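What follows is the content of model-v5.cif, which has mmCIF, C-alpha atoms:
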```cif
data_work
loop_
_atom_site.label_atom_id
_atom_site.label_comp_id
_atom_site.auth_asym_id
_atom_site.auth_seq_id
_atom_site.Cartn_x
_atom_site.Cartn_y
_atom_site.Cartn_z
CA MET H 1 -6.17 -10.08 -9.64
CA HIS H 2 -6.26 -6.31 -10.08
CA GLU H 3 -2.65 -6.03 -11.28
CA ILE H 4 -3.87 -5.17 -14.76
CA PHE H 5 -5.55 -2.05 -13.33
CA VAL H 6 -2.38 -1.20 -11.41
CA VAL H 7 -0.34 -1.57 -14.60
CA SER H 8 -2.77 0.59 -16.50
CA SER H 9 -2.35 3.31 -13.84
CA ILE H 10 1.45 2.98 -14.23
CA ILE H 11 1.15 3.46 -17.99
CA ASP H 12 -1.01 6.57 -17.53
CA ALA H 13 1.34 8.10 -14.96
CA VAL H 14 4.51 7.39 -16.93
CA THR H 15 3.00 8.58 -20.22
CA GLU H 16 1.97 11.82 -18.50
CA SER H 17 5.48 12.34 -17.13
CA LEU H 18 6.93 11.89 -20.63
CA ALA H 19 5.26 15.06 -21.89
CA PRO H 20 8.50 17.16 -21.79
CA TYR H 21 10.44 14.38 -23.54
CA SER H 22 8.52 13.92 -26.77
CA GLY H 23 10.86 11.55 -28.54
CA ALA H 24 12.30 9.77 -25.53
CA GLN H 25 12.42 6.02 -25.29
CA VAL H 26 11.56 4.45 -21.90
CA LYS H 27 14.22 1.94 -20.89
CA GLU H 28 13.16 1.14 -17.35
CA VAL H 29 10.37 1.84 -14.89
CA ARG H 30 11.28 1.48 -11.24
CA LEU H 31 8.61 0.71 -8.63
CA ARG H 32 8.60 0.62 -4.86
CA VAL H 33 6.19 -2.06 -3.69
CA GLY H 34 5.56 -2.78 -0.03
CA VAL H 35 4.82 -6.37 0.95
CA LEU H 36 1.40 -5.21 2.18
CA ALA H 37 0.52 -3.68 -1.19
CA ALA H 38 -1.62 -6.64 -2.29
CA VAL H 39 0.06 -7.09 -5.66
CA THR H 40 2.25 -9.98 -6.73
CA GLU H 41 5.42 -9.41 -8.68
CA GLU H 42 4.79 -12.24 -11.11
CA SER H 43 1.36 -11.00 -11.98
CA LEU H 44 2.57 -7.39 -12.31
CA ARG H 45 5.28 -8.47 -14.73
CA PHE H 46 2.91 -10.59 -16.77
CA CYS H 47 0.41 -7.72 -17.10
CA TYR H 48 3.15 -5.18 -17.74
CA GLY H 49 4.50 -7.04 -20.76
CA ILE H 50 1.08 -7.26 -22.38
CA ALA H 51 -0.40 -3.91 -21.42
CA THR H 52 2.61 -1.80 -22.42
CA GLU H 53 2.53 -3.08 -26.02
CA ASN H 54 1.82 -0.21 -28.40
CA THR H 55 2.44 2.37 -25.67
CA ARG H 56 5.50 4.55 -25.03
CA LEU H 57 6.52 2.02 -22.37
CA ALA H 58 6.75 -0.85 -24.86
CA GLY H 59 9.87 -2.94 -24.38
CA SER H 60 10.88 -1.23 -21.14
CA ALA H 61 12.18 -3.19 -18.17
CA LEU H 62 10.22 -3.26 -14.93
CA GLN H 63 12.37 -2.96 -11.84
CA ILE H 64 10.51 -3.76 -8.61
CA ASP H 65 12.03 -2.88 -5.25
CA GLN H 66 10.19 -4.96 -2.64
CA LEU H 67 9.91 -3.21 0.70
CA PRO H 68 9.48 -5.16 3.93
CA VAL H 69 7.15 -3.97 6.68
CA ILE H 70 8.80 -1.63 9.14
CA VAL H 71 6.97 -0.82 12.37
CA HIS H 72 7.81 1.51 15.20
CA CYS H 73 8.12 -0.21 18.58
CA ASP H 74 7.44 2.16 21.47
CA PRO H 75 9.05 0.11 24.27
CA CYS H 76 12.19 -0.45 22.15
CA GLY H 77 12.11 3.16 20.97
CA GLN H 78 13.05 2.26 17.41
CA ASP H 79 11.85 1.24 13.95
CA VAL H 80 12.13 -2.48 13.32
CA GLU H 81 11.62 -4.66 10.27
CA LEU H 82 9.06 -7.45 10.55
CA PRO H 83 10.41 -10.83 9.42
CA SER H 84 6.96 -11.75 8.05
CA VAL H 85 3.43 -10.39 7.79
CA GLN H 86 2.04 -13.18 9.96
CA SER H 87 2.47 -11.26 13.17
CA PHE H 88 2.48 -7.53 13.86
CA ARG H 89 4.64 -7.71 16.96
CA CYS H 90 8.04 -6.23 17.53
CA PRO H 91 10.50 -9.03 16.72
CA LEU H 92 12.77 -7.76 19.52
CA CYS H 93 10.38 -7.54 22.47
CA GLY H 94 7.11 -9.11 21.28
CA THR H 95 4.95 -6.02 21.82
CA PRO H 96 2.04 -5.81 19.35
CA THR H 97 2.22 -2.67 17.24
CA MET H 98 0.19 -1.00 14.52
CA ASP H 99 2.54 1.92 14.05
CA LEU H 100 3.47 1.15 10.44
CA ARG H 101 6.36 3.08 8.95
CA GLN H 102 6.74 1.13 5.71
CA GLY H 103 5.11 -1.72 3.82
CA ARG H 104 2.05 -0.32 2.02
CA GLU H 105 3.91 1.51 -0.76
CA LEU H 106 2.72 1.17 -4.32
CA GLU H 107 4.75 3.85 -6.04
CA ILE H 108 6.64 4.71 -9.16
CA GLU H 109 10.09 5.72 -7.99
CA SER H 110 11.63 6.79 -11.29
CA ILE H 111 11.92 6.09 -14.97
CA GLU H 112 15.03 5.76 -17.07
CA ILE H 113 14.74 7.23 -20.54
CA ASP H 114 16.91 7.71 -23.58
CA GLU H 115 16.43 11.27 -24.74
CA VAL H 116 16.68 12.17 -28.40
CA GLU H 117 18.87 15.05 -29.54
CA GLU H 118 16.05 17.50 -30.27
CA ASP H 119 14.71 17.16 -26.69
CA ILE H 120 18.14 17.79 -25.20
CA ARG H 121 18.53 20.98 -27.22
CA THR H 122 15.19 22.43 -26.12
CA MET Y 1 21.18 10.09 -27.31
CA LYS Y 2 21.41 10.73 -23.61
CA THR Y 3 20.19 8.55 -20.75
CA ARG Y 4 18.33 10.31 -18.01
CA ILE Y 5 16.68 9.18 -14.79
CA VAL Y 6 13.43 11.02 -14.15
CA GLU Y 7 12.34 10.85 -10.51
CA LEU Y 8 8.58 10.48 -10.28
CA ARG Y 9 7.98 9.39 -6.68
CA ARG Y 10 4.25 9.17 -7.06
CA GLY Y 11 1.65 6.72 -5.90
CA ILE Y 12 0.49 4.43 -8.66
CA LEU Y 13 -3.10 4.79 -7.44
CA GLU Y 14 -2.67 8.50 -6.75
CA LYS Y 15 -5.70 9.44 -8.83
CA ASN Y 16 -7.94 7.19 -6.73
CA ASP Y 17 -6.29 8.31 -3.49
CA LYS Y 18 -6.89 11.99 -4.27
CA LEU Y 19 -10.51 11.39 -5.18
CA ALA Y 20 -10.96 9.36 -1.98
CA ALA Y 21 -9.41 12.11 0.14
CA GLY Y 22 -11.84 14.59 -1.43
CA LEU Y 23 -14.77 12.29 -0.68
CA ARG Y 24 -13.67 11.80 2.93
CA ASN Y 25 -13.55 15.53 3.32
CA ARG Y 26 -17.08 15.86 1.92
CA PHE Y 27 -18.34 13.08 4.22
CA SER Y 28 -16.81 14.69 7.29
CA THR Y 29 -18.16 18.12 6.40
CA ALA Y 30 -21.62 16.57 6.03
CA GLY Y 31 -21.25 14.82 9.40
CA LEU Y 32 -21.74 11.49 7.66
CA LEU Y 33 -20.17 8.24 8.85
CA VAL Y 34 -19.06 6.08 5.92
CA LEU Y 35 -18.15 2.42 6.25
CA ASN Y 36 -16.56 0.23 3.59
CA LEU Y 37 -17.59 -3.41 4.09
CA VAL Y 38 -15.20 -5.96 2.63
CA SER Y 39 -15.08 -9.75 2.76
CA SER Y 40 -14.90 -12.93 0.71
CA PRO Y 41 -17.92 -13.73 -1.44
CA GLY Y 42 -20.60 -15.46 0.62
CA SER Y 43 -19.53 -14.22 4.04
CA GLY Y 44 -22.96 -12.77 4.70
CA LYS Y 45 -22.27 -9.09 4.01
CA THR Y 46 -25.67 -8.48 2.50
CA ALA Y 47 -27.63 -10.21 5.28
CA PHE Y 48 -25.58 -8.33 7.87
CA LEU Y 49 -26.14 -5.02 6.11
CA GLU Y 50 -29.83 -5.74 5.56
CA TRP Y 51 -30.28 -6.29 9.31
CA THR Y 52 -28.30 -3.14 10.08
CA LEU Y 53 -30.26 -0.97 7.63
CA ARG Y 54 -33.65 -2.27 8.83
CA LYS Y 55 -32.78 -1.52 12.40
CA LEU Y 56 -31.38 1.94 11.66
CA VAL Y 57 -34.41 2.86 9.54
CA ARG Y 58 -36.73 1.69 12.33
CA GLU Y 59 -34.83 3.88 14.77
CA ASP Y 60 -35.20 6.87 12.44
CA ALA Y 61 -31.49 7.03 11.66
CA ARG Y 62 -30.83 8.20 8.13
CA ALA Y 63 -28.85 5.40 6.51
CA ALA Y 64 -28.09 4.66 2.87
CA ALA Y 65 -26.06 2.06 1.02
CA LEU Y 66 -24.07 1.57 -2.16
CA VAL Y 67 -23.57 -2.03 -3.11
CA GLY Y 68 -20.90 -3.30 -5.46
CA ASP Y 69 -21.17 -6.49 -7.50
CA LEU Y 70 -19.81 -7.64 -10.81
CA GLU Y 71 -23.31 -8.15 -12.15
CA THR Y 72 -27.02 -8.11 -11.09
CA ASP Y 73 -28.90 -5.71 -8.87
CA ASN Y 74 -30.14 -8.50 -6.59
CA ASP Y 75 -28.37 -7.14 -3.53
CA ALA Y 76 -29.61 -3.59 -4.06
CA ARG Y 77 -33.20 -4.80 -4.36
CA ARG Y 78 -32.79 -6.92 -1.26
CA LEU Y 79 -31.28 -4.05 0.75
CA ALA Y 80 -33.83 -1.53 -0.52
CA SER Y 81 -36.58 -3.57 1.16
CA SER Y 82 -35.26 -2.08 4.42
CA GLY Y 83 -36.64 1.29 3.34
CA ALA Y 84 -33.18 2.86 3.09
CA PRO Y 85 -32.02 4.45 -0.18
CA VAL Y 86 -29.77 1.97 -1.97
CA ARG Y 87 -27.87 2.08 -5.24
CA GLN Y 88 -26.18 -0.77 -7.04
CA ILE Y 89 -22.75 -0.38 -8.60
CA ASN Y 90 -22.04 -3.02 -11.25
CA THR Y 91 -18.34 -3.30 -11.98
CA HIS Y 92 -18.80 -5.63 -14.99
CA GLY Y 93 -15.80 -7.77 -14.22
CA GLU Y 94 -13.67 -5.50 -12.08
CA CYS Y 95 -12.72 -7.02 -8.77
CA HIS Y 96 -13.04 -3.95 -6.55
CA LEU Y 97 -14.79 -0.61 -6.16
CA GLU Y 98 -12.97 2.68 -6.82
CA ALA Y 99 -13.52 6.15 -5.41
CA GLU Y 100 -14.67 7.46 -8.80
CA TRP Y 101 -17.62 5.05 -8.94
CA VAL Y 102 -18.59 5.87 -5.38
CA SER Y 103 -18.53 9.55 -6.26
CA LYS Y 104 -20.61 8.99 -9.39
CA HIS Y 105 -23.22 6.91 -7.60
CA LEU Y 106 -23.64 9.51 -4.87
CA GLU Y 107 -24.83 12.12 -7.38
CA GLY Y 108 -28.20 13.52 -6.40
CA TRP Y 109 -28.01 12.36 -2.79
CA GLU Y 110 -27.97 15.10 -0.18
CA LEU Y 111 -25.07 13.94 2.02
CA GLY Y 112 -25.99 16.30 4.84
CA ALA Y 113 -29.36 14.53 5.08
CA LEU Y 114 -27.68 11.20 5.90
CA ASP Y 115 -26.15 9.85 9.12
CA TYR Y 116 -24.65 6.62 7.79
CA LEU Y 117 -23.50 5.44 4.40
CA PHE Y 118 -22.52 1.79 3.96
CA ILE Y 119 -20.51 0.76 0.93
CA GLU Y 120 -20.71 -2.98 0.37
CA ASN Y 121 -17.62 -3.75 -1.67
CA VAL Y 122 -17.21 -6.53 -4.22
CA GLY Y 123 -16.67 -9.86 -2.44
CA ASN Y 124 -12.88 -10.16 -2.57
CA LEU Y 125 -10.27 -10.09 0.19
CA VAL Y 126 -7.36 -8.94 -1.96
CA CYS Y 127 -7.97 -6.18 -4.49
CA PRO Y 128 -10.31 -3.86 -2.53
CA SER Y 129 -7.56 -3.38 0.07
CA ASN Y 130 -5.67 -1.07 -2.32
CA TYR Y 131 -8.57 1.20 -3.10
CA ASP Y 132 -9.50 3.89 -0.64
CA LEU Y 133 -13.16 4.83 -1.13
CA GLY Y 134 -13.06 7.80 1.21
CA GLU Y 135 -14.54 5.76 4.06
CA GLN Y 136 -13.78 6.59 7.67
CA ILE Y 137 -14.08 2.97 8.73
CA ARG Y 138 -13.13 -0.20 6.93
CA VAL Y 139 -14.90 -3.28 8.22
CA VAL Y 140 -13.79 -6.80 7.31
CA LEU Y 141 -16.38 -9.52 7.66
CA LEU Y 142 -15.42 -13.11 8.28
CA SER Y 143 -17.96 -15.92 8.51
CA VAL Y 144 -17.52 -18.88 10.85
CA SER Y 145 -17.39 -21.32 7.93
CA GLU Y 146 -14.35 -19.70 6.31
CA GLY Y 147 -11.61 -20.93 8.61
CA GLU Y 148 -9.97 -19.28 11.58
CA ASP Y 149 -6.72 -18.69 9.68
CA LYS Y 150 -8.27 -16.33 7.13
CA PRO Y 151 -6.59 -13.27 8.72
CA LEU Y 152 -3.20 -14.99 8.32
CA LYS Y 153 -3.96 -15.80 4.68
CA TYR Y 154 -5.08 -12.25 3.86
CA PRO Y 155 -2.93 -10.08 6.12
CA THR Y 156 -3.08 -7.01 3.87
CA MET Y 157 -6.83 -6.72 4.14
CA PHE Y 158 -7.08 -7.53 7.84
CA ASN Y 159 -4.19 -5.23 8.67
CA SER Y 160 -5.87 -2.32 6.90
CA ALA Y 161 -9.20 -2.80 8.72
CA ASP Y 162 -10.67 -0.76 11.56
CA ALA Y 163 -13.12 -3.40 12.76
CA VAL Y 164 -13.77 -7.10 12.17
CA VAL Y 165 -17.25 -8.60 12.16
CA ILE Y 166 -17.49 -12.34 12.56
CA THR Y 167 -20.75 -13.39 10.90
CA LYS Y 168 -23.02 -16.46 11.06
CA MET Y 169 -22.24 -17.15 14.72
CA ASP Y 170 -25.43 -19.24 14.79
CA LEU Y 171 -23.48 -21.76 12.68
CA ALA Y 172 -20.38 -21.73 14.91
CA GLY Y 173 -21.23 -25.14 16.40
CA PRO Y 174 -21.88 -27.09 13.19
CA CYS Y 175 -18.84 -25.42 11.59
CA GLU Y 176 -16.68 -26.29 14.61
CA PHE Y 177 -15.57 -22.69 14.64
CA ASP Y 178 -12.63 -22.16 16.99
CA ARG Y 179 -13.46 -18.70 18.30
CA GLU Y 180 -10.29 -18.29 20.33
CA ALA Y 181 -8.06 -19.17 17.39
CA ALA Y 182 -9.89 -16.71 15.15
CA VAL Y 183 -9.63 -13.87 17.67
CA LYS Y 184 -5.95 -14.66 18.24
CA ASN Y 185 -5.21 -14.65 14.49
CA ILE Y 186 -7.07 -11.38 13.96
CA ASN Y 187 -5.04 -9.80 16.76
CA GLU Y 188 -1.75 -11.08 15.37
CA ILE Y 189 -2.46 -9.25 12.11
CA ARG Y 190 -4.24 -6.20 13.50
CA PRO Y 191 -3.45 -5.80 17.20
CA GLY Y 192 -6.20 -4.30 19.33
CA ILE Y 193 -8.88 -4.17 16.63
CA ARG Y 194 -12.59 -4.15 17.61
CA ILE Y 195 -14.17 -7.54 16.95
CA PHE Y 196 -17.93 -8.20 16.80
CA GLU Y 197 -19.30 -11.73 16.96
CA THR Y 198 -22.63 -11.60 15.21
CA SER Y 199 -25.50 -13.44 13.63
CA ALA Y 200 -27.93 -11.53 11.43
CA LYS Y 201 -30.22 -14.55 11.76
CA THR Y 202 -30.55 -14.58 15.54
CA GLY Y 203 -29.51 -10.99 16.25
CA THR Y 204 -26.54 -12.10 18.38
CA GLY Y 205 -24.00 -9.32 18.80
CA MET Y 206 -25.96 -6.91 16.62
CA GLU Y 207 -26.84 -4.48 19.41
CA GLU Y 208 -23.16 -4.16 20.24
CA TRP Y 209 -22.47 -3.45 16.56
CA LEU Y 210 -25.16 -0.75 16.49
CA GLY Y 211 -23.65 0.75 19.64
CA TYR Y 212 -20.31 0.92 17.87
CA LEU Y 213 -21.88 2.68 14.87
CA ALA Y 214 -23.48 5.29 17.11
CA GLU Y 215 -20.20 5.77 18.99
CA GLN Y 216 -18.24 6.21 15.77
CA ARG Y 217 -20.79 8.60 14.40
CA VAL Y 218 -20.50 10.78 17.49
CA GLY Y 219 -16.73 10.69 17.01
CA GLU Y 220 -17.16 11.72 13.39
CA ARG Y 221 -19.47 14.59 14.32
CA ALA Y 222 -16.81 15.81 16.72
CA HIS Y 223 -14.53 16.32 13.69
CA GLU Y 224 -17.23 18.16 11.82
CA PRO Y 225 -16.07 21.71 11.18
CA ALA Y 226 -18.26 24.36 12.82
CA ARG Y 227 -20.68 25.76 10.27
CA GLN Y 228 -20.46 29.49 9.61
#
```
What is this structure when it is put down as structure tokens?
Amino acid sequence: MHEIFVVSSIIDAVTESLAPYSGAQVKEVRLRVGVLAAVTEESLRFCYGIATENTRLAGSALQIDQLPVIVHCDPCGQDVELPSVQSFRCPLCGTPTMDLRQGRELEIESIEIDEVEEDIRT
Amino acid sequence: MKTRIVELRRGILEKNDKLAAGLRNRFSTAGLLVLNLVSSPGSGKTAFLEWTLRKLVREDARAAALVGDLETDNDARRLASSGAPVRQINTHGECHLEAEWVSKHLEGWELGALDYLFIENVGNLVCPSNYDLGEQIRVVLLSVSEGEDKPLKYPTMFNSADAVVITKMDLAGPCEFDREAAVKNINEIRPGIRIFETSAKTGTGMEEWLGYLAEQRVGERAHEPARQ
């Protein structure tokens, strides 16, 4: 439901990072989204297409890397991936765990841009 | 033309997260315990908070509340009848509260003169989970009429919580509420979390809840940096 606000934060952050590349064209924006991040890919994409119109991100592709939940299991002494978010137990030994190592990310990893000649020279 | 990858590696909600971290710091310095109450619409957040505020005010604890809703100041007026200072935040369509609005609505309040601040979030079990408000404790409320599998349906919110309050326990019978299933589901999503079974109507479980608040506040004061 709040994906439009998330997209608007993406636009702000990317636009800000484009300051040194005045004429650059954004080709792709790459996100890292944990499965516990409370956003849906479909809704993000829908909002992205609309909200980026008339911005420097217009026409860019949205690449979303979905990250599963990884917890640390003390008895097993290792990080393990949860097969679903319906149970926060180590899938190997069944011990409940709240030691989250991955899964809440909502980050911009990188952007791919086409620089124009004048930017490259400066 | 040259293609370049620019690494950003930044949180999309970084602006909110930074503001929230600043708020949490202010709250801790002031020795103030801040709770963010989240739930579905109609779970009984306001009745639960009203009972809590009345009781705290009667016991001379210094409690205040911010209450978020899309529209109307009905909840603020209702909560203010407890005698505690209350401010309404109207989001005008937005589905969650953000740290910036909390900060804005705290202007003029002397944080050091408060013991507890309750932030009643917009009724929504999805969006508020992404927005840190600077709270020390996030409480999810779940009423007995909502279904015992709610934690499984909204794992993000339940997993991010520090305590769960089951409300309207006086209706558990008519609603055929399966207490064991609910507790089991909550623990699958958030192992070991504190669970309170309450009714703001009959007072069931409320003393235990107040005990928890006092306990947490003592814990918070322990973090309070020594004043020069």
Task: Selected residue, from H:Glu28, H:Glu16, H:Glu81, H:Glu115, that lies nearest to chain Y when counting all atoms listed in the file - done: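 Ranked by minimum distance to chain Y, first place goes to H:Glu115.
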Open item on the list: Which residues would end up in the selection if the PyMOL selection byres ((chain Y and resi 139) around 6) were applied here, given that I need the answer as a list in words?
Closed with: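 For this structure, the PyMOL selection byres ((chain Y and resi 139) around 6) captures Leu37, Arg138, Val140, Ala161, Asp162, Ala163 and Val164 of chain Y.
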Edge lengths and centre, in Å to one decimal, as lines of an AutoDock Vina configuration file: that's what I need for the box along x, y and z that holds all listed atoms of range 7-16 of chain H plus 5 Å on each side.
```
center_x = 0.9
center_y = 5.1
center_z = -17.0
size_x = 17.3
size_y = 23.4
size_z = 16.4
```
- [ ] Please write as a list in words the full residue list that the PyMOL selection byres ((chain H and resi 49) around 12) yields on this file.
- [x] Glu3, Ile4, Val7, Ser8, Ile11, Glu42, Ser43, Leu44, Arg45, Phe46, Cys47, Tyr48, Ile50, Ala51, Thr52, Glu53, Asn54, Thr55, Leu57, Ala58, Gly59, Ser60, Ala61 and Leu62 of chain H
Could you write out as a PDB file with C-alpha atoms, in the frame of the given file the residues of chain H within 7 Å of chain Y, counting only C-alpha atoms?
```pdb
ATOM      1  CA  MET H   1      -6.170 -10.080  -9.640  1.00  0.00           C
ATOM      2  CA  HIS H   2      -6.260  -6.310 -10.080  1.00  0.00           C
ATOM      3  CA  VAL H   6      -2.380  -1.200 -11.410  1.00  0.00           C
ATOM      4  CA  SER H   9      -2.350   3.310 -13.840  1.00  0.00           C
ATOM      5  CA  ILE H  10       1.450   2.980 -14.230  1.00  0.00           C
ATOM      6  CA  LEU H  36       1.400  -5.210   2.180  1.00  0.00           C
ATOM      7  CA  ALA H  37       0.520  -3.680  -1.190  1.00  0.00           C
ATOM      8  CA  ALA H  38      -1.620  -6.640  -2.290  1.00  0.00           C
ATOM      9  CA  VAL H  85       3.430 -10.390   7.790  1.00  0.00           C
ATOM     10  CA  GLN H  86       2.040 -13.180   9.960  1.00  0.00           C
ATOM     11  CA  SER H  87       2.470 -11.260  13.170  1.00  0.00           C
ATOM     12  CA  PHE H  88       2.480  -7.530  13.860  1.00  0.00           C
ATOM     13  CA  PRO H  96       2.040  -5.810  19.350  1.00  0.00           C
ATOM     14  CA  THR H  97       2.220  -2.670  17.240  1.00  0.00           C
ATOM     15  CA  MET H  98       0.190  -1.000  14.520  1.00  0.00           C
ATOM     16  CA  LEU H 106       2.720   1.170  -4.320  1.00  0.00           C
ATOM     17  CA  GLU H 107       4.750   3.850  -6.040  1.00  0.00           C
ATOM     18  CA  ILE H 108       6.640   4.710  -9.160  1.00  0.00           C
ATOM     19  CA  GLU H 109      10.090   5.720  -7.990  1.00  0.00           C
ATOM     20  CA  SER H 110      11.630   6.790 -11.290  1.00  0.00           C
ATOM     21  CA  ILE H 111      11.920   6.090 -14.970  1.00  0.00           C
ATOM     22  CA  GLU H 112      15.030   5.760 -17.070  1.00  0.00           C
ATOM     23  CA  ILE H 113      14.740   7.230 -20.540  1.00  0.00           C
ATOM     24  CA  ASP H 114      16.910   7.710 -23.580  1.00  0.00           C
ATOM     25  CA  GLU H 115      16.430  11.270 -24.740  1.00  0.00           C
ATOM     26  CA  VAL H 116      16.680  12.170 -28.400  1.00  0.00           C
ATOM     27  CA  GLU H 117      18.870  15.050 -29.540  1.00  0.00           C
TER      28      GLU H 117
END
```
Task: Expansion of the PyMOL selection byres ((chain Y and resi 146) around 12) into residues, as a list in words - done: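 Output from the PyMOL selection byres ((chain Y and resi 146) around 12), applied to this file: Ser39, Ser40, Pro41, Gly42, Ser43, Gly44, Leu141, Leu142, Ser143, Val144, Ser145, Gly147, Glu148, Asp149, Lys150, Pro151, Lys153, Ile166, Thr167, Lys168, Met169, Leu171, Ala172, Cys175, Glu176, Phe177, Asp178 and Ala182 of chain Y.
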Task: Pick from Y:Tyr212, Y:Asp17, Y:Val183, Y:Ala30 nearest to Ile137 in chain Y, counting all atoms listed in the file - done: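 Looking only at the distances to Ile137 in chain Y, the closest residue turns out to be Y:Tyr212.
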Task: Shell around Val71 in chain H at 12 Å using all atoms listed in the file, local window under 2 positions removed, as a count of residues only - done: 30
Open item on the list: Can you measure CA of Leu53 in chain Y to CA of Ser81 in chain Y for me? One decimal in Å is fine.
Closed with: 9.4 Å
Task: Straight-line distance linking CA of Gly123 in chain Y with CA of Arg54 in chain Y, stated in Å to one decimal - done: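 About the pair CA of Gly123 in chain Y and CA of Arg54 in chain Y: they are 21.7 Å apart.
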TODO: Could you check how far CA of Arg78 in chain Y sits from CA of Trp51 in chain Y, in Å to one decimal?
DONE: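 Here the two named atoms are 10.9 Å from each other.
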Open item on the list: If we count all atoms listed in the file and set the cut-off at 7 Å, which residues sit around Arg87 in chain Y, ignoring sequence neighbours fewer than 6 positions away in its own chain? Please answer as a ChimeraX atom specification.
Closed with: /Y:65-67,76
